[in-house]
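Trainee: Following this message is one structure expressed as structure tokens.
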Amino acid sequence: VVVHDGRFYFNYRYRLYSLDAKTGKPSAGWGNDSGWVDLREGLDRPVAGLSVSASTPGAVYKDLLIVGTSVPEALPSAPGDIRAFDLKTGAMRWTFHTIPHPGEFGYETWPPDAWKVAGGTNAWSGVTIDQQRGMVFFATGSASFDFYGANRVGDNLFANSIVALDANTGKRIWHYQLVHHPIWDYDIPCAPILVDITVNGRKIAAVAQPTKQGFVYVFDRK
């Protein structure tokens with residue numbers, strides 16, 4: 001549960017709710033006017049039959065609630081887009097396509113039009129916010145199907161990747177893919193962790209990422 005400015009935000013299955021913290025009633029006028037947002041909407045797929053939920057409540061940056069989702073890693077599957085919702089209204093303010101659309105960075109790492117059918121590449125473990133720098137970090141799972149890749153030839157960005165976005169706009173700042181063209185379900189098992197380290201006497205604002213591979217990766221946040 002996220003608590004912010006007199007409201008509770010939480011999810012159940014495909015619904016992201018906003019409740020009045022004093023009364024427990026749905027926030028008037030939020031989302032679909034019943035106090036919730038349908039997480040299946042806005043994914044450029046027919047809503048019927050989509051399985052979309054969230055195992056973490058998201059994180060607040062300014063007036064945004066930034067969330068990842070849990071989706072199947074078998075087909076059919078929804079894409080794991082990262083989305084920012086307006087805390088006051090529930091309107092979607094920005095989306096980052098974890099399976100790139102035409103013209104977006106990484107589109108060529110998938111077969112043409114894969115964004116219409118491929119799924120997964122989702123931040124099921126949550127997102128991490130650097131409030132000072134206005135950055136959101138997340139780690140993604142495998143592409144669907146996670147143990148079969150013949151129908152998704154290429155590196156498949158942004159599956160199995162650490163990604164840093166501008167928290168205000170959702171624009172990519174940098175990424176690092178840990179496993180190219182994943183077929184071993186080496187999805188990343190937890191959200192990135194913000195740490196401050198010293199290397200050779202130099203202080204670095206870093207982000208650390210444990211993995212299923214038995215390695216911990218550490219990156220300069222910038």
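By order in the structure tokens, chains are A, B, ...; within a chain, residues start at 1; ligands start at 1, following the order shown.
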With only C-alpha atoms as the counted atoms, please give the residues lying no more than 12 Å from A:Lys25, apart from itself and same-chain residues fewer than 3 positions off, as a PyMOL selection string.

Mentor: chain A and resi 6-9+17-22+28-30+34-36

Trainee: Could you please take those selected residues and save N, CA, C and O atoms as a PDB file, in the first residue's frame?

Mentor:
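The result, written out as again-v6.pdb:
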ATOM      1  N   GLY A   6      -3.395  11.916   2.154  1.00  0.00           N
ATOM      2  CA  GLY A   6      -4.740  11.562   2.603  1.00  0.00           C
ATOM      3  C   GLY A   6      -5.414  10.451   1.824  1.00  0.00           C
ATOM      4  O   GLY A   6      -6.630  10.251   1.963  1.00  0.00           O
ATOM      5  N   ARG A   7      -4.638   9.719   1.002  1.00  0.00           N
ATOM      6  CA  ARG A   7      -5.210   8.619   0.234  1.00  0.00           C
ATOM      7  C   ARG A   7      -4.358   7.364   0.351  1.00  0.00           C
ATOM      8  O   ARG A   7      -3.151   7.435   0.519  1.00  0.00           O
ATOM      9  N   PHE A   8      -5.039   6.223   0.257  1.00  0.00           N
ATOM     10  CA  PHE A   8      -4.368   4.934   0.124  1.00  0.00           C
ATOM     11  C   PHE A   8      -4.417   4.506  -1.342  1.00  0.00           C
ATOM     12  O   PHE A   8      -5.472   4.613  -1.984  1.00  0.00           O
ATOM     13  N   TYR A   9      -3.291   4.021  -1.854  1.00  0.00           N
ATOM     14  CA  TYR A   9      -3.248   3.468  -3.203  1.00  0.00           C
ATOM     15  C   TYR A   9      -2.790   2.015  -3.097  1.00  0.00           C
ATOM     16  O   TYR A   9      -1.774   1.724  -2.480  1.00  0.00           O
ATOM     17  N   TYR A  17      -6.442   0.921  -7.067  1.00  0.00           N
ATOM     18  CA  TYR A  17      -7.442   1.667  -6.309  1.00  0.00           C
ATOM     19  C   TYR A  17      -6.853   2.901  -5.641  1.00  0.00           C
ATOM     20  O   TYR A  17      -5.669   2.929  -5.275  1.00  0.00           O
ATOM     21  N   SER A  18      -7.717   3.895  -5.428  1.00  0.00           N
ATOM     22  CA  SER A  18      -7.429   5.041  -4.569  1.00  0.00           C
ATOM     23  C   SER A  18      -8.573   5.164  -3.571  1.00  0.00           C
ATOM     24  O   SER A  18      -9.746   5.267  -3.955  1.00  0.00           O
ATOM     25  N   LEU A  19      -8.235   5.136  -2.279  1.00  0.00           N
ATOM     26  CA  LEU A  19      -9.243   5.231  -1.223  1.00  0.00           C
ATOM     27  C   LEU A  19      -8.954   6.429  -0.328  1.00  0.00           C
ATOM     28  O   LEU A  19      -7.801   6.772  -0.080  1.00  0.00           O
ATOM     29  N   ASP A  20     -10.010   7.044   0.166  1.00  0.00           N
ATOM     30  CA  ASP A  20      -9.878   8.113   1.150  1.00  0.00           C
ATOM     31  C   ASP A  20      -9.346   7.506   2.446  1.00  0.00           C
ATOM     32  O   ASP A  20      -9.931   6.565   2.992  1.00  0.00           O
ATOM     33  N   ALA A  21      -8.249   8.035   2.961  1.00  0.00           N
ATOM     34  CA  ALA A  21      -7.600   7.438   4.137  1.00  0.00           C
ATOM     35  C   ALA A  21      -8.455   7.551   5.395  1.00  0.00           C
ATOM     36  O   ALA A  21      -8.335   6.719   6.303  1.00  0.00           O
ATOM     37  N   LYS A  22      -9.323   8.548   5.475  1.00  0.00           N
ATOM     38  CA  LYS A  22     -10.150   8.742   6.672  1.00  0.00           C
ATOM     39  C   LYS A  22     -11.390   7.859   6.669  1.00  0.00           C
ATOM     40  O   LYS A  22     -11.794   7.337   7.699  1.00  0.00           O
ATOM     41  N   ALA A  28     -13.433  10.000  -4.798  1.00  0.00           N
ATOM     42  CA  ALA A  28     -14.394  10.498  -5.776  1.00  0.00           C
ATOM     43  C   ALA A  28     -13.690  11.062  -6.998  1.00  0.00           C
ATOM     44  O   ALA A  28     -12.732  11.826  -6.879  1.00  0.00           O
ATOM     45  N   GLY A  29     -14.136  10.649  -8.187  1.00  0.00           N
ATOM     46  CA  GLY A  29     -13.597  11.187  -9.425  1.00  0.00           C
ATOM     47  C   GLY A  29     -12.254  10.626  -9.840  1.00  0.00           C
ATOM     48  O   GLY A  29     -11.675  11.090 -10.816  1.00  0.00           O
ATOM     49  N   TRP A  30     -11.764   9.623  -9.115  1.00  0.00           N
ATOM     50  CA  TRP A  30     -10.432   9.077  -9.438  1.00  0.00           C
ATOM     51  C   TRP A  30     -10.576   7.915 -10.403  1.00  0.00           C
ATOM     52  O   TRP A  30     -11.426   7.038 -10.239  1.00  0.00           O
ATOM     53  N   SER A  34     -15.076   5.504 -10.168  1.00  0.00           N
ATOM     54  CA  SER A  34     -15.435   4.581  -9.093  1.00  0.00           C
ATOM     55  C   SER A  34     -14.272   4.356  -8.149  1.00  0.00           C
ATOM     56  O   SER A  34     -14.324   3.496  -7.274  1.00  0.00           O
ATOM     57  N   GLY A  35     -13.177   5.127  -8.372  1.00  0.00           N
ATOM     58  CA  GLY A  35     -12.033   5.038  -7.479  1.00  0.00           C
ATOM     59  C   GLY A  35     -10.990   4.025  -7.880  1.00  0.00           C
ATOM     60  O   GLY A  35     -10.117   3.701  -7.077  1.00  0.00           O
ATOM     61  N   TRP A  36     -11.031   3.538  -9.125  1.00  0.00           N
ATOM     62  CA  TRP A  36     -10.000   2.591  -9.551  1.00  0.00           C
ATOM     63  C   TRP A  36      -9.695   2.745 -11.025  1.00  0.00           C
ATOM     64  O   TRP A  36     -10.478   3.293 -11.788  1.00  0.00           O
TER      65      TRP A  36
END

Trainee: Just want the 6 Å neighbourhood of stretch 60-69 of chain A, counted on only C-alpha atoms, with same-chain residues fewer than 4 positions away dropped. Output as a ChimeraX atom specification.

Mentor: /A:53-54,82-87,123-124,126

Trainee: Would you save the residues of that selection, restricted to C-alpha atoms, as a PDB file, in the first residue's frame?

Mentor:
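Result saved to again-v7.pdb:
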ATOM      1  CA  SER A  53      -1.839  -7.484 -12.017  1.00  0.00           C
ATOM      2  CA  ALA A  54       0.800  -6.019  -9.733  1.00  0.00           C
ATOM      3  CA  ILE A  82       5.929   1.019 -16.964  1.00  0.00           C
ATOM      4  CA  ARG A  83       3.252   3.641 -16.357  1.00  0.00           C
ATOM      5  CA  ALA A  84       2.798   6.807 -14.355  1.00  0.00           C
ATOM      6  CA  PHE A  85      -0.640   7.770 -13.070  1.00  0.00           C
ATOM      7  CA  ASP A  86      -1.756  11.156 -11.788  1.00  0.00           C
ATOM      8  CA  LEU A  87      -2.207  10.865  -8.021  1.00  0.00           C
ATOM      9  CA  ALA A 123       8.980  -4.981 -13.673  1.00  0.00           C
ATOM     10  CA  TRP A 124       7.100  -7.370 -11.395  1.00  0.00           C
ATOM     11  CA  GLY A 126       8.645  -2.954  -8.410  1.00  0.00           C
TER      12      GLY A 126
END

Trainee: What's around A:Val179 at 10 Å? Count only C-alpha atoms, leave out sequence neighbours fewer than 6 positions away in its own chain, and write the answer as a compact mmCIF listing (two decimals) with C-alpha atoms, in the first residue's frame.

Mentor:
# COMPACT_ATOMS: atom_id res chain seq x y z
CA SER A 142 11.94 -12.38 -19.36
CA ASP A 155 18.28 -9.35 -28.17
CA ASN A 156 14.70 -8.51 -27.11
CA LEU A 157 15.16 -5.19 -25.33
CA PHE A 158 14.14 -4.42 -22.66
CA ALA A 159 13.80 -7.96 -21.31
CA ASN A 160 16.14 -8.94 -18.45
CA SER A 161 17.42 -5.38 -18.20
CA ASP A 185 14.05 -17.46 -17.16
CA TYR A 186 16.89 -15.39 -15.69
CA ASP A 187 14.47 -12.62 -14.83
CA ILE A 188 15.70 -10.18 -12.19
CA GLN A 213 22.89 -15.44 -11.91

Trainee: Please report as a tab-separated table every residue of stretch 91-201 of chain A lying within 12 Å of stretch 214-218 of chain A, along with the nearest atom pair and their distance in Å (one decimal), using only C-alpha atoms.

Mentor:
residue	atom	partner	partner_atom	distance
A:Ala139	CA	A:Tyr217	CA	11.7
A:Ser161	CA	A:Tyr217	CA	11.3
A:Ile162	CA	A:Tyr217	CA	9.7
A:Tyr176	CA	A:Tyr217	CA	10.1
A:Gln177	CA	A:Tyr217	CA	11.2
A:Leu178	CA	A:Tyr217	CA	9.2
A:Tyr186	CA	A:Gly214	CA	10.5
A:Ile188	CA	A:Val216	CA	10.7
A:Pro189	CA	A:Gly214	CA	11.1
A:Cys190	CA	A:Val216	CA	11.3
A:Pro192	CA	A:Val218	CA	9.6
A:Ile193	CA	A:Val218	CA	9.4
A:Leu194	CA	A:Val218	CA	9.6
A:Val195	CA	A:Val218	CA	9.0
A:Asp196	CA	A:Val218	CA	10.5
A:Ile197	CA	A:Val218	CA	9.7
A:Thr198	CA	A:Val218	CA	12.0
A:Val199	CA	A:Val218	CA	11.6

Trainee: Keeping only N, CA, C and O atoms, write the selected residues to a file as a tab-separated table (two decimals), in the first residue's frame.

Mentor:
chain	number	residue	atom	x	y	z
A	139	ALA	N	13.87	-3.18	-12.94
A	139	ALA	CA	14.50	-4.36	-13.52
A	139	ALA	C	13.40	-5.25	-14.08
A	139	ALA	O	12.35	-5.42	-13.45
A	161	SER	N	16.60	-6.60	-18.16
A	161	SER	CA	17.42	-5.38	-18.20
A	161	SER	C	17.21	-4.52	-16.95
A	161	SER	O	16.16	-4.59	-16.30
A	162	ILE	N	18.23	-3.72	-16.66
A	162	ILE	CA	18.11	-2.60	-15.72
A	162	ILE	C	17.86	-1.36	-16.57
A	162	ILE	O	18.60	-1.11	-17.52
A	176	TYR	N	20.86	-1.37	-19.26
A	176	TYR	CA	21.89	-2.41	-19.35
A	176	TYR	C	21.16	-3.75	-19.36
A	176	TYR	O	20.46	-4.10	-18.40
A	177	GLN	N	21.32	-4.49	-20.45
A	177	GLN	CA	20.67	-5.79	-20.55
A	177	GLN	C	21.59	-6.88	-20.01
A	177	GLN	O	22.70	-7.08	-20.50
A	178	LEU	N	21.12	-7.60	-19.00
A	178	LEU	CA	21.94	-8.63	-18.36
A	178	LEU	C	21.99	-9.92	-19.17
A	178	LEU	O	23.00	-10.61	-19.17
A	186	TYR	N	16.02	-16.13	-16.60
A	186	TYR	CA	16.89	-15.39	-15.69
A	186	TYR	C	16.33	-13.99	-15.44
A	186	TYR	O	17.04	-13.00	-15.55
A	188	ILE	N	15.01	-10.81	-13.33
A	188	ILE	CA	15.70	-10.18	-12.19
A	188	ILE	C	14.75	-10.16	-10.99
A	188	ILE	O	13.63	-9.67	-11.09
A	189	PRO	N	15.18	-10.73	-9.84
A	189	PRO	CA	14.23	-11.09	-8.79
A	189	PRO	C	13.88	-10.00	-7.78
A	189	PRO	O	13.12	-10.27	-6.85
A	190	CYS	N	14.42	-8.80	-7.93
A	190	CYS	CA	14.07	-7.75	-6.96
A	190	CYS	C	14.27	-6.39	-7.61
A	190	CYS	O	14.91	-6.28	-8.66
A	192	PRO	N	15.75	-2.60	-8.11
A	192	PRO	CA	17.08	-2.00	-7.90
A	192	PRO	C	17.16	-1.31	-6.54
A	192	PRO	O	16.15	-0.83	-6.00
A	193	ILE	N	18.39	-1.24	-6.01
A	193	ILE	CA	18.62	-0.68	-4.67
A	193	ILE	C	19.57	0.51	-4.79
A	193	ILE	O	20.66	0.38	-5.36
A	194	LEU	N	19.16	1.65	-4.27
A	194	LEU	CA	20.01	2.84	-4.31
A	194	LEU	C	21.03	2.78	-3.19
A	194	LEU	O	20.68	2.58	-2.02
A	195	VAL	N	22.31	2.93	-3.54
A	195	VAL	CA	23.39	2.89	-2.55
A	195	VAL	C	24.40	3.99	-2.87
A	195	VAL	O	24.52	4.44	-4.01
A	196	ASP	N	25.11	4.41	-1.84
A	196	ASP	CA	26.23	5.34	-2.00
A	196	ASP	C	27.50	4.58	-1.67
A	196	ASP	O	27.63	4.00	-0.58
A	197	ILE	N	28.45	4.57	-2.60
A	197	ILE	CA	29.67	3.80	-2.41
A	197	ILE	C	30.89	4.70	-2.63
A	197	ILE	O	30.78	5.79	-3.18
A	198	THR	N	32.04	4.21	-2.19
A	198	THR	CA	33.30	4.90	-2.43
A	198	THR	C	34.24	3.95	-3.16
A	198	THR	O	34.49	2.83	-2.69
A	199	VAL	N	34.74	4.37	-4.31
A	199	VAL	CA	35.65	3.56	-5.12
A	199	VAL	C	36.92	4.38	-5.36
A	199	VAL	O	36.86	5.46	-5.95

Trainee: Taking only C-alpha atoms into account, name the residue in A:Pro72, A:Gly31, A:Gly80, A:Gly49 that is nearest to A:Thr121.

Mentor: A:Gly80

Trainee: Among the residues of stretch 76-164 of chain A, find those DSSP assigns to strand (DSSP E) from the backbone and print them as a PyMOL selection string.

Mentor: chain A and resi 82-86+92-96+127-130+135-139+161-164

Trainee: Output C-alpha atoms for every residue in the selection just made, as an mmCIF file, in the first residue's frame.

Mentor:
data_model
loop_
_atom_site.group_PDB
_atom_site.id
_atom_site.type_symbol
_atom_site.label_atom_id
_atom_site.label_comp_id
_atom_site.auth_asym_id
_atom_site.auth_seq_id
_atom_site.Cartn_x
_atom_site.Cartn_y
_atom_site.Cartn_z
ATOM 1 C CA ILE A 82 5.929 1.019 -16.964
ATOM 2 C CA ARG A 83 3.252 3.641 -16.357
ATOM 3 C CA ALA A 84 2.798 6.807 -14.355
ATOM 4 C CA PHE A 85 -0.640 7.770 -13.070
ATOM 5 C CA ASP A 86 -1.756 11.156 -11.788
ATOM 6 C CA MET A 92 -2.164 8.022 -17.181
ATOM 7 C CA ARG A 93 0.548 10.665 -17.607
ATOM 8 C CA TRP A 94 3.250 8.639 -19.367
ATOM 9 C CA THR A 95 4.110 5.129 -20.547
ATOM 10 C CA PHE A 96 7.426 3.435 -21.234
ATOM 11 C CA VAL A 127 10.279 0.365 -9.223
ATOM 12 C CA THR A 128 12.806 2.473 -7.321
ATOM 13 C CA ILE A 129 12.790 6.280 -7.309
ATOM 14 C CA ASP A 130 15.749 8.630 -6.892
ATOM 15 C CA MET A 135 14.989 9.152 -11.945
ATOM 16 C CA VAL A 136 13.080 5.890 -11.820
ATOM 17 C CA PHE A 137 14.936 2.570 -11.942
ATOM 18 C CA PHE A 138 13.426 -0.840 -12.615
ATOM 19 C CA ALA A 139 14.498 -4.363 -13.516
ATOM 20 C CA SER A 161 17.416 -5.377 -18.199
ATOM 21 C CA ILE A 162 18.106 -2.604 -15.718
ATOM 22 C CA VAL A 163 16.505 0.578 -17.037
ATOM 23 C CA ALA A 164 16.714 4.190 -15.850
#

Trainee: With distances taken over only C-alpha atoms, which residue among A:Asp113, A:Glu104, A:Asp220, A:Glu73 lies nearest A:Trp184?

Mentor: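 Looking only at the distances to A:Trp184, the closest residue turns out to be A:Glu73.
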
Trainee: Here is a test: counting only C-alpha atoms, which residue of A:Pro79, A:Gly134, A:Pro46, A:Pro102 is nearest to A:Asn122?

Mentor: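 For A:Asn122, the nearest of the given residues is A:Pro79.
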
Trainee: Excluding A:Phe105 and any residue of its chain fewer than 4 positions from it, enumerate the residues within 12 Å of it, using only C-alpha atoms, and give them as a list in words.

Mentor: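 That gives Phe96, His97, Thr98, Ile99, Pro100, His101, Thr109, Trp110, Asn156, Leu157, Phe158, Lys171, Arg172, Ile173, Trp174 and His175 of chain A.
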
Trainee: Could you save those same residues with N, CA and C atoms as a PDB file, in the first residue's frame?

Mentor:
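Ended up saving to selection.pdb:
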ATOM      1  N   PHE A  96       6.194   3.914 -20.611  1.00  0.00           N
ATOM      2  CA  PHE A  96       7.426   3.435 -21.234  1.00  0.00           C
ATOM      3  C   PHE A  96       7.168   2.033 -21.743  1.00  0.00           C
ATOM      4  N   HIS A  97       7.310   1.846 -23.055  1.00  0.00           N
ATOM      5  CA  HIS A  97       7.069   0.539 -23.662  1.00  0.00           C
ATOM      6  C   HIS A  97       8.294  -0.356 -23.475  1.00  0.00           C
ATOM      7  N   THR A  98       8.160  -1.386 -22.664  1.00  0.00           N
ATOM      8  CA  THR A  98       9.284  -2.308 -22.457  1.00  0.00           C
ATOM      9  C   THR A  98       9.496  -3.229 -23.658  1.00  0.00           C
ATOM     10  N   ILE A  99       8.500  -3.336 -24.522  1.00  0.00           N
ATOM     11  CA  ILE A  99       8.674  -3.938 -25.850  1.00  0.00           C
ATOM     12  C   ILE A  99       8.506  -2.791 -26.824  1.00  0.00           C
ATOM     13  N   PRO A 100       9.594  -2.276 -27.395  1.00  0.00           N
ATOM     14  CA  PRO A 100       9.543  -1.015 -28.129  1.00  0.00           C
ATOM     15  C   PRO A 100       8.590  -1.043 -29.330  1.00  0.00           C
ATOM     16  N   HIS A 101       7.933   0.092 -29.520  1.00  0.00           N
ATOM     17  CA  HIS A 101       7.072   0.297 -30.683  1.00  0.00           C
ATOM     18  C   HIS A 101       7.906   0.835 -31.847  1.00  0.00           C
ATOM     19  N   THR A 109      15.558  -4.852 -32.117  1.00  0.00           N
ATOM     20  CA  THR A 109      16.013  -6.041 -31.402  1.00  0.00           C
ATOM     21  C   THR A 109      14.929  -7.109 -31.303  1.00  0.00           C
ATOM     22  N   TRP A 110      13.798  -6.862 -31.935  1.00  0.00           N
ATOM     23  CA  TRP A 110      12.682  -7.811 -32.021  1.00  0.00           C
ATOM     24  C   TRP A 110      12.323  -8.016 -33.489  1.00  0.00           C
ATOM     25  N   ASN A 156      15.947  -8.685 -27.855  1.00  0.00           N
ATOM     26  CA  ASN A 156      14.698  -8.509 -27.106  1.00  0.00           C
ATOM     27  C   ASN A 156      14.795  -7.487 -25.974  1.00  0.00           C
ATOM     28  N   LEU A 157      15.256  -6.281 -26.301  1.00  0.00           N
ATOM     29  CA  LEU A 157      15.165  -5.194 -25.330  1.00  0.00           C
ATOM     30  C   LEU A 157      13.686  -4.868 -25.091  1.00  0.00           C
ATOM     31  N   PHE A 158      13.287  -4.622 -23.823  1.00  0.00           N
ATOM     32  CA  PHE A 158      14.139  -4.420 -22.660  1.00  0.00           C
ATOM     33  C   PHE A 158      13.954  -5.576 -21.664  1.00  0.00           C
ATOM     34  N   LYS A 171      11.007   9.054 -20.258  1.00  0.00           N
ATOM     35  CA  LYS A 171      11.990   8.880 -21.320  1.00  0.00           C
ATOM     36  C   LYS A 171      13.199   8.090 -20.805  1.00  0.00           C
ATOM     37  N   ARG A 172      13.733   7.206 -21.665  1.00  0.00           N
ATOM     38  CA  ARG A 172      14.888   6.387 -21.281  1.00  0.00           C
ATOM     39  C   ARG A 172      16.125   7.253 -21.117  1.00  0.00           C
ATOM     40  N   ILE A 173      16.849   7.044 -20.013  1.00  0.00           N
ATOM     41  CA  ILE A 173      18.145   7.683 -19.796  1.00  0.00           C
ATOM     42  C   ILE A 173      19.267   6.698 -20.138  1.00  0.00           C
ATOM     43  N   TRP A 174      19.193   5.489 -19.590  1.00  0.00           N
ATOM     44  CA  TRP A 174      20.141   4.439 -19.948  1.00  0.00           C
ATOM     45  C   TRP A 174      19.539   3.079 -19.628  1.00  0.00           C
ATOM     46  N   HIS A 175      20.179   2.050 -20.149  1.00  0.00           N
ATOM     47  CA  HIS A 175      19.764   0.697 -19.827  1.00  0.00           C
ATOM     48  C   HIS A 175      20.988  -0.217 -19.879  1.00  0.00           C
TER      49      HIS A 175
END
